[in-house]
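Below is one structure; the comments refer to it alone.
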Protein chains: 2
Amino acid sequence: MEKTTPGVGLSEPGGRLGRMHIVSLAGGIGGARFLRGLRLTASDASITVIGNTGDDITLFGLRVCPDLDTVMYTLGSGIDEEQGWGRAKESHVVKEELAAYGVEPQWFGLGDRDFATHIVRSQMLEAGYPLSEITQALCARWQPGVRLLPMTDDRCETHVVIEDDQGKRAIHFQEWWVRLRASVPAQSFALVGAGTAKPAPGVLEAIEQADVVILPPSNPVVSIGTILQVPGIRAALLAKTVVGVSPIIGGAPVRGMADACLTAIGVETTAQAVLDLYGSELIDGWLVAEEDDGVALDGVRVVARPILMHDAEAAAAIARTALDLALELAR
Amino acid sequence: MEKTTPGVGLSEPGGRLGRMHIVSLAGGIGGARFLRGLRLTASDASITVIGNTGDDITLFGLRVCPDLDTVMYTLGSGIDEEQGWGRAKESHVVKEELAAYGVEPQWFGLGDRDFATHIVRSQMLEAGYPLSEITQALCARWQPGVRLLPMTDDRCETHVVIEDDQGKRAIHFQEWWVRLRASVPAQSFALVGAGTAKPAPGVLEAIEQADVVILPPSNPVVSIGTILQVPGIRAALLAKTVVGVSPIIGGAPVRGMADACLTAIGVETTAQAVLDLYGSELIDGWLVAEEDDGVALDGVRVVARPILMHDAEAAAAIARTALDLALELAR
């Protein structure tokens, strides 16, 4: 893998980071919590986050971007910390009223505060703004301290092929994830629109200018994997030093249902298998839990450390380790 | 004016009303409260309400129909009784969040429960349903006990020509009414779209089948006057027995700012002037307050009675008087 020269102001690991440029890909909760740690430990760096929009869904005529919002709310101190998604101090009057009208779906939990975000977004979409500009406008309020970009401005939605008593069919990712809680096995995933999607403005430029790229412990299939499917993004990352944090510890996902997604694409739920999935062409460094020491892949530096994000400080320490490894590998 | 033969089952005033068909035109609060009285006193009659949609406005990308909703909520026992509009036990989380995003306008008071109505309506509009079908769908929940029809499915909005330090310009009715509280004099009203608007399906048929038509004490300019501007509606009413309740008592509007609207079109704020405005071609009977006894117009039977709607019972008594008068005139 080609290595780039670290940017101006890039300093020793642990030292002042100056104008270092970091790119991170992110899904929802796990990614957002990792990013909070990264921002804490690399407070002087410029961080660009490329967010997954494959989970996006139109509900009640409003465009909902769960992963972008989870990152935005988490970094903007508006998140429901307990739940990991949605707004703190949330109420659900609108949802209850919609249910009283008999409007479907009723299985997706949108709160009143959250609704306002989707109303603003939808109004701007209707007015012709691309999602990237809308995300920037929303972030003007939340001040996440990172530059948050959707992976694409194009509609690019993850659908899931399942087979149940209604036969074989493709449903929206959220219906599988939220309504069915992944209880029906996924046979495969289809990223509808991926063929013609273009990276959002700024995405390829950010990668090109990045000193290092960090992959948080987000879902390797339907979060990171989805972003990597947008034509051009994976290719741009190959030229960079990329360090990933394993989303699997001791054979189980740290959170979420990554196992159901991995199983669907024939990949074991292990730190080794996820590394193999990403491949050494993409990955330069791989951070695993201490109990997964022994994971190895030619051309990849594997480091075993505590990687459970108990809290913001733990997340910062893990991000620090990933960043130090990346900086070392980028040198 | 041509008189129609009362329908089958039409009985004596005060007797059982059977399958009598009543059509009523209505604006917002005053109209809705009158209709509640009418429904109470004519519980066996079939009542079709033709609602004003000239006040409708698109806010935050959502279509808001204030008058239809006021009628629907009032007759469906969901209204904020104190305020006269909006939902009872309302909260305002979404509105506060939109304000936190800096989104305009912030002068229109939409509550969370109310938002759900506008979300459902907007989603159905986007899906291609006409407003009349959407109103029917919303009423399936509220069961208002009347058939509520928008005056038109076409966009037909009242704009107000004003002149202030920003010069002479036309603004949306709601901006004049709610934001400016009619503090800047209206020079004129323009019903944008009225030239090509068609009565909503069922409107002309309901008028044709009506035994009597009642005009509640709604605003004669921007509520009743607006409905009468939809091509075909006024003409259809001319063939019917129409009784109106004066919205003016002793030179002042019963509620709202009808005086500001009347002044704008050069009409005095008196029960006499409003009757003259409607005209004897349209009106057969006119109910005024006792203090307005003496109001007269050739071809119109004027009756002076208490017409202040203190409560639902008072509204029912007034509706009863109007209905009895209409039935007598229709005989």
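Here, A, B, ... name the chains of the structure tokens in the order displayed, residue numbers run from 1 inside each chain, and ligands are numbered from 1 in the same displayed order.
Here the strand (DSSP E) residues in range 267-298 of chain B, by DSSP on the backbone, are Gly285, Trp286, Leu287 and Val288 of chain B.
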For this session: Could you give me, as a PyMOL selection string, the residues within 9 Å of range 48-64 of chain B, counting only C-alpha atoms and dropping anything in the same chain fewer than 4 positions from it?
Result: (chain A and resi 119-120+122-124+126-127) or (chain B and resi 21-28+35+68-69+71+98+103-105+108+115+117-119+121-123+125+146-153+155-159+172-174+191-192+203+206-207+210+222-224+226-227)
### Task
Name all residues at most 8 Å from Ala186 in chain B (count only C-alpha atoms; drop same-chain ones fewer than 4 positions away) and give them as an MDAnalysis selection string.
chainID B and resid 160:163 182 260:261 264
Inset, instruction - Could you check how far CA of Met309 in chain A sits from CA of Pro217 in chain A, in Å to one decimal? - result: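 According to the coordinates, CA of Met309 in chain A and CA of Pro217 in chain A are separated by 9.8 Å.
Between CA of Phe189 in chain A and CA of Val212 in chain A there is a distance of 29.2 Å.
Excluding Ala140 in chain A itself and same-chain residues fewer than 4 positions from it, the residues having an atom within 10 Å of it are Ile134, Thr135, Gln136 and Pro144 of chain A; Tyr101 and Gly102 of chain B, counting only C-alpha atoms.
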Write the residues you've just listed into a file as a PDB file, in the first residue's frame, and include N, CA, C and O atoms for each of them.
```
ATOM      1  N   ILE A 134     -27.327  20.249   3.626  1.00  0.00           N
ATOM      2  CA  ILE A 134     -28.322  20.209   4.706  1.00  0.00           C
ATOM      3  C   ILE A 134     -27.644  19.767   6.007  1.00  0.00           C
ATOM      4  O   ILE A 134     -27.886  20.342   7.075  1.00  0.00           O
ATOM      5  N   THR A 135     -26.784  18.753   5.894  1.00  0.00           N
ATOM      6  CA  THR A 135     -26.075  18.253   7.074  1.00  0.00           C
ATOM      7  C   THR A 135     -25.207  19.362   7.666  1.00  0.00           C
ATOM      8  O   THR A 135     -25.139  19.525   8.893  1.00  0.00           O
ATOM      9  N   GLN A 136     -24.598  20.123   6.792  1.00  0.00           N
ATOM     10  CA  GLN A 136     -23.788  21.260   7.250  1.00  0.00           C
ATOM     11  C   GLN A 136     -24.676  22.293   7.973  1.00  0.00           C
ATOM     12  O   GLN A 136     -24.300  22.819   9.028  1.00  0.00           O
ATOM     13  N   PRO A 144     -20.613  19.920  16.026  1.00  0.00           N
ATOM     14  CA  PRO A 144     -20.045  18.630  16.450  1.00  0.00           C
ATOM     15  C   PRO A 144     -18.522  18.646  16.575  1.00  0.00           C
ATOM     16  O   PRO A 144     -17.952  17.694  17.113  1.00  0.00           O
TER      17      PRO A 144
ATOM     18  N   TYR B 101     -33.077  25.550  15.476  1.00  0.00           N
ATOM     19  CA  TYR B 101     -32.378  25.444  14.186  1.00  0.00           C
ATOM     20  C   TYR B 101     -32.400  26.780  13.436  1.00  0.00           C
ATOM     21  O   TYR B 101     -31.834  26.894  12.363  1.00  0.00           O
ATOM     22  N   GLY B 102     -33.125  27.744  13.993  1.00  0.00           N
ATOM     23  CA  GLY B 102     -33.204  29.049  13.346  1.00  0.00           C
ATOM     24  C   GLY B 102     -34.153  29.080  12.159  1.00  0.00           C
ATOM     25  O   GLY B 102     -34.106  29.993  11.342  1.00  0.00           O
TER      26      GLY B 102
END
```
Between CA of Gln143 in chain A and CA of Pro199 in chain A, what is the distance in Å, rounded to a tenth?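 That distance, rounded to one decimal, is 22.9 Å.
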In terms of only C-alpha atoms, the residue from A:Ser43, A:Gly76, A:Trp142, A:Arg33 at minimal distance from chain B is A:Trp142
Which neighbours of Asp114 in chain B fall inside 9 Å, counting only C-alpha atoms, when residues of the same chain fewer than 5 positions from it are skipped, and could you give them as a list of chain:residue names?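 Counting only the stated atoms, we get A:Val94, A:Glu97, B:Asp69, B:Gly86, B:Arg87, B:Glu90, B:Ile119.
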**Study point:** Shell around range 292-305 of chain A at 9 Å using only C-alpha atoms, local window under 6 positions removed, as a ChimeraX atom specification
**Key:** /A:1,243,249-251,270-272,275-276,279-281,283-286,318,321-322,325,329
Any chance you could list, as a PDB file with N, CA and C atoms, in the first residue's frame, the residues in range 69-302 of chain A that come up alpha helix (DSSP H) when DSSP is run on the backbone?
```
ATOM      1  N   ASP A  69     -27.473  11.544  12.105  1.00  0.00           N
ATOM      2  CA  ASP A  69     -28.031  12.221  13.275  1.00  0.00           C
ATOM      3  C   ASP A  69     -27.414  11.709  14.569  1.00  0.00           C
ATOM      4  N   THR A  70     -27.143  10.407  14.625  1.00  0.00           N
ATOM      5  CA  THR A  70     -26.522   9.866  15.835  1.00  0.00           C
ATOM      6  C   THR A  70     -25.139  10.492  16.035  1.00  0.00           C
ATOM      7  N   VAL A  71     -24.393  10.628  14.955  1.00  0.00           N
ATOM      8  CA  VAL A  71     -23.079  11.282  15.056  1.00  0.00           C
ATOM      9  C   VAL A  71     -23.248  12.747  15.475  1.00  0.00           C
ATOM     10  N   MET A  72     -24.185  13.419  14.825  1.00  0.00           N
ATOM     11  CA  MET A  72     -24.402  14.845  15.080  1.00  0.00           C
ATOM     12  C   MET A  72     -24.863  15.097  16.509  1.00  0.00           C
ATOM     13  N   TYR A  73     -25.833  14.319  16.963  1.00  0.00           N
ATOM     14  CA  TYR A  73     -26.357  14.489  18.320  1.00  0.00           C
ATOM     15  C   TYR A  73     -25.302  14.092  19.364  1.00  0.00           C
ATOM     16  N   THR A  74     -24.570  13.002  19.086  1.00  0.00           N
ATOM     17  CA  THR A  74     -23.577  12.545  20.063  1.00  0.00           C
ATOM     18  C   THR A  74     -22.471  13.588  20.218  1.00  0.00           C
ATOM     19  N   LEU A  75     -21.936  14.035  19.102  1.00  0.00           N
ATOM     20  CA  LEU A  75     -20.852  15.015  19.182  1.00  0.00           C
ATOM     21  C   LEU A  75     -21.366  16.393  19.573  1.00  0.00           C
ATOM     22  N   VAL A  93     -44.951  12.759  21.507  1.00  0.00           N
ATOM     23  CA  VAL A  93     -46.326  13.179  21.232  1.00  0.00           C
ATOM     24  C   VAL A  93     -46.688  12.996  19.757  1.00  0.00           C
ATOM     25  N   VAL A  94     -45.815  13.419  18.872  1.00  0.00           N
ATOM     26  CA  VAL A  94     -46.123  13.334  17.438  1.00  0.00           C
ATOM     27  C   VAL A  94     -46.324  11.883  17.025  1.00  0.00           C
ATOM     28  N   LYS A  95     -45.428  11.029  17.493  1.00  0.00           N
ATOM     29  CA  LYS A  95     -45.517   9.596  17.175  1.00  0.00           C
ATOM     30  C   LYS A  95     -46.851   9.002  17.659  1.00  0.00           C
ATOM     31  N   GLU A  96     -47.238   9.368  18.870  1.00  0.00           N
ATOM     32  CA  GLU A  96     -48.509   8.866  19.406  1.00  0.00           C
ATOM     33  C   GLU A  96     -49.705   9.360  18.592  1.00  0.00           C
ATOM     34  N   GLU A  97     -49.606  10.604  18.171  1.00  0.00           N
ATOM     35  CA  GLU A  97     -50.693  11.169  17.367  1.00  0.00           C
ATOM     36  C   GLU A  97     -50.764  10.508  15.992  1.00  0.00           C
ATOM     37  N   LEU A  98     -49.603  10.248  15.405  1.00  0.00           N
ATOM     38  CA  LEU A  98     -49.590   9.568  14.111  1.00  0.00           C
ATOM     39  C   LEU A  98     -50.217   8.186  14.254  1.00  0.00           C
ATOM     40  N   ALA A  99     -49.905   7.527  15.355  1.00  0.00           N
ATOM     41  CA  ALA A  99     -50.494   6.207  15.612  1.00  0.00           C
ATOM     42  C   ALA A  99     -52.010   6.328  15.770  1.00  0.00           C
ATOM     43  N   ALA A 100     -52.452   7.417  16.414  1.00  0.00           N
ATOM     44  CA  ALA A 100     -53.890   7.624  16.602  1.00  0.00           C
ATOM     45  C   ALA A 100     -54.590   7.801  15.251  1.00  0.00           C
ATOM     46  N   ASP A 112     -40.181  13.720  19.432  1.00  0.00           N
ATOM     47  CA  ASP A 112     -40.596  15.059  18.997  1.00  0.00           C
ATOM     48  C   ASP A 112     -39.400  15.935  18.615  1.00  0.00           C
ATOM     49  N   ARG A 113     -38.362  15.914  19.454  1.00  0.00           N
ATOM     50  CA  ARG A 113     -37.181  16.733  19.142  1.00  0.00           C
ATOM     51  C   ARG A 113     -36.560  16.264  17.837  1.00  0.00           C
ATOM     52  N   ASP A 114     -36.481  14.963  17.703  1.00  0.00           N
ATOM     53  CA  ASP A 114     -35.908  14.359  16.505  1.00  0.00           C
ATOM     54  C   ASP A 114     -36.726  14.731  15.269  1.00  0.00           C
ATOM     55  N   PHE A 115     -38.034  14.752  15.423  1.00  0.00           N
ATOM     56  CA  PHE A 115     -38.906  15.100  14.299  1.00  0.00           C
ATOM     57  C   PHE A 115     -38.518  16.447  13.694  1.00  0.00           C
ATOM     58  N   ALA A 116     -38.176  17.384  14.557  1.00  0.00           N
ATOM     59  CA  ALA A 116     -37.831  18.722  14.062  1.00  0.00           C
ATOM     60  C   ALA A 116     -36.649  18.641  13.094  1.00  0.00           C
ATOM     61  N   THR A 117     -35.669  17.796  13.421  1.00  0.00           N
ATOM     62  CA  THR A 117     -34.516  17.621  12.537  1.00  0.00           C
ATOM     63  C   THR A 117     -34.964  17.106  11.170  1.00  0.00           C
ATOM     64  N   HIS A 118     -35.852  16.136  11.187  1.00  0.00           N
ATOM     65  CA  HIS A 118     -36.299  15.549   9.922  1.00  0.00           C
ATOM     66  C   HIS A 118     -37.179  16.513   9.135  1.00  0.00           C
ATOM     67  N   ILE A 119     -37.901  17.354   9.856  1.00  0.00           N
ATOM     68  CA  ILE A 119     -38.729  18.357   9.186  1.00  0.00           C
ATOM     69  C   ILE A 119     -37.833  19.377   8.483  1.00  0.00           C
ATOM     70  N   VAL A 120     -36.806  19.834   9.182  1.00  0.00           N
ATOM     71  CA  VAL A 120     -35.885  20.801   8.572  1.00  0.00           C
ATOM     72  C   VAL A 120     -35.199  20.168   7.357  1.00  0.00           C
ATOM     73  N   ARG A 121     -34.711  18.947   7.545  1.00  0.00           N
ATOM     74  CA  ARG A 121     -34.002  18.265   6.450  1.00  0.00           C
ATOM     75  C   ARG A 121     -34.910  18.098   5.229  1.00  0.00           C
ATOM     76  N   SER A 122     -36.131  17.648   5.488  1.00  0.00           N
ATOM     77  CA  SER A 122     -37.052  17.376   4.385  1.00  0.00           C
ATOM     78  C   SER A 122     -37.437  18.648   3.651  1.00  0.00           C
ATOM     79  N   GLN A 123     -37.614  19.712   4.428  1.00  0.00           N
ATOM     80  CA  GLN A 123     -37.951  20.982   3.806  1.00  0.00           C
ATOM     81  C   GLN A 123     -36.810  21.450   2.904  1.00  0.00           C
ATOM     82  N   MET A 124     -35.582  21.278   3.369  1.00  0.00           N
ATOM     83  CA  MET A 124     -34.422  21.691   2.569  1.00  0.00           C
ATOM     84  C   MET A 124     -34.251  20.788   1.343  1.00  0.00           C
ATOM     85  N   LEU A 125     -34.497  19.496   1.511  1.00  0.00           N
ATOM     86  CA  LEU A 125     -34.430  18.589   0.354  1.00  0.00           C
ATOM     87  C   LEU A 125     -35.456  19.015  -0.689  1.00  0.00           C
ATOM     88  N   GLU A 126     -36.651  19.312  -0.224  1.00  0.00           N
ATOM     89  CA  GLU A 126     -37.732  19.738  -1.120  1.00  0.00           C
ATOM     90  C   GLU A 126     -37.346  21.027  -1.835  1.00  0.00           C
ATOM     91  N   LEU A 131     -28.044  16.719   0.395  1.00  0.00           N
ATOM     92  CA  LEU A 131     -27.938  16.280   1.788  1.00  0.00           C
ATOM     93  C   LEU A 131     -26.675  16.811   2.465  1.00  0.00           C
ATOM     94  N   SER A 132     -25.589  16.914   1.718  1.00  0.00           N
ATOM     95  CA  SER A 132     -24.340  17.400   2.317  1.00  0.00           C
ATOM     96  C   SER A 132     -24.490  18.832   2.830  1.00  0.00           C
ATOM     97  N   GLU A 133     -25.163  19.669   2.068  1.00  0.00           N
ATOM     98  CA  GLU A 133     -25.354  21.062   2.519  1.00  0.00           C
ATOM     99  C   GLU A 133     -26.345  21.123   3.672  1.00  0.00           C
ATOM    100  N   ILE A 134     -27.327  20.249   3.626  1.00  0.00           N
ATOM    101  CA  ILE A 134     -28.322  20.209   4.706  1.00  0.00           C
ATOM    102  C   ILE A 134     -27.644  19.767   6.007  1.00  0.00           C
ATOM    103  N   THR A 135     -26.784  18.753   5.894  1.00  0.00           N
ATOM    104  CA  THR A 135     -26.075  18.253   7.074  1.00  0.00           C
ATOM    105  C   THR A 135     -25.207  19.362   7.666  1.00  0.00           C
ATOM    106  N   GLN A 136     -24.598  20.123   6.792  1.00  0.00           N
ATOM    107  CA  GLN A 136     -23.788  21.260   7.250  1.00  0.00           C
ATOM    108  C   GLN A 136     -24.676  22.293   7.973  1.00  0.00           C
ATOM    109  N   ALA A 137     -25.839  22.536   7.411  1.00  0.00           N
ATOM    110  CA  ALA A 137     -26.757  23.504   8.026  1.00  0.00           C
ATOM    111  C   ALA A 137     -27.219  23.014   9.402  1.00  0.00           C
ATOM    112  N   LEU A 138     -27.536  21.741   9.504  1.00  0.00           N
ATOM    113  CA  LEU A 138     -27.972  21.189  10.793  1.00  0.00           C
ATOM    114  C   LEU A 138     -26.825  21.251  11.802  1.00  0.00           C
ATOM    115  N   CYS A 139     -25.609  20.978  11.323  1.00  0.00           N
ATOM    116  CA  CYS A 139     -24.441  20.985  12.211  1.00  0.00           C
ATOM    117  C   CYS A 139     -24.091  22.394  12.683  1.00  0.00           C
ATOM    118  N   ALA A 140     -24.588  23.403  11.973  1.00  0.00           N
ATOM    119  CA  ALA A 140     -24.346  24.779  12.420  1.00  0.00           C
ATOM    120  C   ALA A 140     -24.950  24.963  13.808  1.00  0.00           C
ATOM    121  N   ARG A 141     -26.018  24.236  14.079  1.00  0.00           N
ATOM    122  CA  ARG A 141     -26.600  24.277  15.427  1.00  0.00           C
ATOM    123  C   ARG A 141     -25.817  23.387  16.389  1.00  0.00           C
ATOM    124  N   TRP A 142     -25.459  22.194  15.951  1.00  0.00           N
ATOM    125  CA  TRP A 142     -24.925  21.199  16.880  1.00  0.00           C
ATOM    126  C   TRP A 142     -23.431  21.336  17.135  1.00  0.00           C
ATOM    127  N   PHE A 173     -33.631  -1.837   5.052  1.00  0.00           N
ATOM    128  CA  PHE A 173     -32.776  -2.210   6.173  1.00  0.00           C
ATOM    129  C   PHE A 173     -33.429  -1.946   7.527  1.00  0.00           C
ATOM    130  N   GLN A 174     -34.067  -0.788   7.656  1.00  0.00           N
ATOM    131  CA  GLN A 174     -34.654  -0.435   8.958  1.00  0.00           C
ATOM    132  C   GLN A 174     -35.782  -1.382   9.346  1.00  0.00           C
ATOM    133  N   VAL A 203     -15.883  14.545  -0.050  1.00  0.00           N
ATOM    134  CA  VAL A 203     -15.503  13.234   0.486  1.00  0.00           C
ATOM    135  C   VAL A 203     -14.144  12.791  -0.069  1.00  0.00           C
ATOM    136  N   LEU A 204     -14.011  12.767  -1.373  1.00  0.00           N
ATOM    137  CA  LEU A 204     -12.747  12.301  -1.966  1.00  0.00           C
ATOM    138  C   LEU A 204     -11.613  13.278  -1.663  1.00  0.00           C
ATOM    139  N   GLU A 205     -11.929  14.563  -1.634  1.00  0.00           N
ATOM    140  CA  GLU A 205     -10.924  15.574  -1.309  1.00  0.00           C
ATOM    141  C   GLU A 205     -10.433  15.380   0.122  1.00  0.00           C
ATOM    142  N   ALA A 206     -11.343  15.115   1.031  1.00  0.00           N
ATOM    143  CA  ALA A 206     -10.962  14.914   2.433  1.00  0.00           C
ATOM    144  C   ALA A 206     -10.052  13.697   2.564  1.00  0.00           C
ATOM    145  N   ILE A 207     -10.397  12.633   1.864  1.00  0.00           N
ATOM    146  CA  ILE A 207      -9.563  11.421   1.922  1.00  0.00           C
ATOM    147  C   ILE A 207      -8.182  11.733   1.351  1.00  0.00           C
ATOM    148  N   GLU A 208      -8.188  12.430   0.235  1.00  0.00           N
ATOM    149  CA  GLU A 208      -6.914  12.763  -0.417  1.00  0.00           C
ATOM    150  C   GLU A 208      -6.024  13.581   0.518  1.00  0.00           C
ATOM    151  N   GLN A 209      -6.618  14.484   1.268  1.00  0.00           N
ATOM    152  CA  GLN A 209      -5.840  15.362   2.146  1.00  0.00           C
ATOM    153  C   GLN A 209      -5.563  14.738   3.515  1.00  0.00           C
ATOM    154  N   ILE A 224     -19.671   0.585   7.717  1.00  0.00           N
ATOM    155  CA  ILE A 224     -18.412   0.799   6.999  1.00  0.00           C
ATOM    156  C   ILE A 224     -18.489   0.153   5.606  1.00  0.00           C
ATOM    157  N   GLY A 225     -19.006  -1.067   5.578  1.00  0.00           N
ATOM    158  CA  GLY A 225     -19.098  -1.782   4.299  1.00  0.00           C
ATOM    159  C   GLY A 225     -19.936  -1.031   3.277  1.00  0.00           C
ATOM    160  N   THR A 226     -20.969  -0.373   3.761  1.00  0.00           N
ATOM    161  CA  THR A 226     -21.848   0.395   2.875  1.00  0.00           C
ATOM    162  C   THR A 226     -21.111   1.610   2.307  1.00  0.00           C
ATOM    163  N   ILE A 227     -20.409   2.292   3.186  1.00  0.00           N
ATOM    164  CA  ILE A 227     -19.666   3.478   2.734  1.00  0.00           C
ATOM    165  C   ILE A 227     -18.631   3.070   1.676  1.00  0.00           C
ATOM    166  N   LEU A 228     -17.991   1.923   1.926  1.00  0.00           N
ATOM    167  CA  LEU A 228     -16.949   1.450   0.998  1.00  0.00           C
ATOM    168  C   LEU A 228     -17.518   1.070  -0.367  1.00  0.00           C
ATOM    169  N   GLN A 229     -18.830   0.880  -0.427  1.00  0.00           N
ATOM    170  CA  GLN A 229     -19.444   0.509  -1.709  1.00  0.00           C
ATOM    171  C   GLN A 229     -19.737   1.704  -2.605  1.00  0.00           C
ATOM    172  N   ILE A 233     -14.821   5.648  -3.197  1.00  0.00           N
ATOM    173  CA  ILE A 233     -14.367   5.843  -1.814  1.00  0.00           C
ATOM    174  C   ILE A 233     -13.308   4.812  -1.427  1.00  0.00           C
ATOM    175  N   ARG A 234     -13.594   3.553  -1.687  1.00  0.00           N
ATOM    176  CA  ARG A 234     -12.618   2.521  -1.335  1.00  0.00           C
ATOM    177  C   ARG A 234     -11.297   2.745  -2.074  1.00  0.00           C
ATOM    178  N   ALA A 235     -11.404   3.048  -3.355  1.00  0.00           N
ATOM    179  CA  ALA A 235     -10.198   3.275  -4.167  1.00  0.00           C
ATOM    180  C   ALA A 235      -9.376   4.420  -3.592  1.00  0.00           C
ATOM    181  N   ALA A 236     -10.047   5.476  -3.153  1.00  0.00           N
ATOM    182  CA  ALA A 236      -9.319   6.621  -2.589  1.00  0.00           C
ATOM    183  C   ALA A 236      -8.632   6.241  -1.284  1.00  0.00           C
ATOM    184  N   LEU A 237      -9.269   5.364  -0.512  1.00  0.00           N
ATOM    185  CA  LEU A 237      -8.714   4.963   0.784  1.00  0.00           C
ATOM    186  C   LEU A 237      -7.474   4.082   0.625  1.00  0.00           C
ATOM    187  N   ALA A 258     -24.090  -6.945  14.654  1.00  0.00           N
ATOM    188  CA  ALA A 258     -23.148  -7.131  13.554  1.00  0.00           C
ATOM    189  C   ALA A 258     -23.051  -8.599  13.166  1.00  0.00           C
ATOM    190  N   ASP A 259     -23.233  -9.491  14.156  1.00  0.00           N
ATOM    191  CA  ASP A 259     -23.153 -10.930  13.852  1.00  0.00           C
ATOM    192  C   ASP A 259     -24.183 -11.348  12.800  1.00  0.00           C
ATOM    193  N   ALA A 260     -25.393 -10.805  12.916  1.00  0.00           N
ATOM    194  CA  ALA A 260     -26.440 -11.151  11.944  1.00  0.00           C
ATOM    195  C   ALA A 260     -26.056 -10.674  10.544  1.00  0.00           C
ATOM    196  N   CYS A 261     -25.379  -9.544  10.501  1.00  0.00           N
ATOM    197  CA  CYS A 261     -24.971  -9.004   9.199  1.00  0.00           C
ATOM    198  C   CYS A 261     -23.800  -9.801   8.628  1.00  0.00           C
ATOM    199  N   LEU A 262     -22.843 -10.124   9.485  1.00  0.00           N
ATOM    200  CA  LEU A 262     -21.675 -10.889   9.034  1.00  0.00           C
ATOM    201  C   LEU A 262     -22.098 -12.271   8.551  1.00  0.00           C
ATOM    202  N   THR A 263     -22.955 -12.917   9.319  1.00  0.00           N
ATOM    203  CA  THR A 263     -23.440 -14.249   8.943  1.00  0.00           C
ATOM    204  C   THR A 263     -24.075 -14.220   7.557  1.00  0.00           C
ATOM    205  N   ALA A 264     -24.848 -13.139   7.302  1.00  0.00           N
ATOM    206  CA  ALA A 264     -25.545 -13.030   6.019  1.00  0.00           C
ATOM    207  C   ALA A 264     -24.585 -13.015   4.837  1.00  0.00           C
ATOM    208  N   ALA A 271     -12.774 -11.071  15.177  1.00  0.00           N
ATOM    209  CA  ALA A 271     -11.917  -9.947  14.812  1.00  0.00           C
ATOM    210  C   ALA A 271     -11.058 -10.311  13.599  1.00  0.00           C
ATOM    211  N   GLN A 272     -10.674 -11.582  13.519  1.00  0.00           N
ATOM    212  CA  GLN A 272      -9.870 -12.061  12.384  1.00  0.00           C
ATOM    213  C   GLN A 272     -10.668 -12.001  11.080  1.00  0.00           C
ATOM    214  N   ALA A 273     -11.879 -12.502  11.154  1.00  0.00           N
ATOM    215  CA  ALA A 273     -12.696 -12.566   9.939  1.00  0.00           C
ATOM    216  C   ALA A 273     -13.032 -11.170   9.409  1.00  0.00           C
ATOM    217  N   VAL A 274     -13.268 -10.236  10.322  1.00  0.00           N
ATOM    218  CA  VAL A 274     -13.578  -8.868   9.877  1.00  0.00           C
ATOM    219  C   VAL A 274     -12.344  -8.241   9.235  1.00  0.00           C
ATOM    220  N   LEU A 275     -11.175  -8.519   9.818  1.00  0.00           N
ATOM    221  CA  LEU A 275      -9.934  -8.017   9.210  1.00  0.00           C
ATOM    222  C   LEU A 275      -9.763  -8.608   7.815  1.00  0.00           C
ATOM    223  N   ASP A 276     -10.010  -9.906   7.707  1.00  0.00           N
ATOM    224  CA  ASP A 276      -9.903 -10.559   6.396  1.00  0.00           C
ATOM    225  C   ASP A 276     -10.896  -9.944   5.402  1.00  0.00           C
ATOM    226  N   LEU A 277     -12.074  -9.636   5.917  1.00  0.00           N
ATOM    227  CA  LEU A 277     -13.103  -9.026   5.063  1.00  0.00           C
ATOM    228  C   LEU A 277     -12.637  -7.675   4.512  1.00  0.00           C
ATOM    229  N   TYR A 278     -12.097  -6.846   5.393  1.00  0.00           N
ATOM    230  CA  TYR A 278     -11.606  -5.538   4.951  1.00  0.00           C
ATOM    231  C   TYR A 278     -10.402  -5.729   4.024  1.00  0.00           C
TER     232      TYR A 278
END
```
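Proximity ranking of B:Leu238, B:Ile307, B:Ala330, B:Leu110 relative to chain A places B:Leu110 first, based on only C-alpha atoms.
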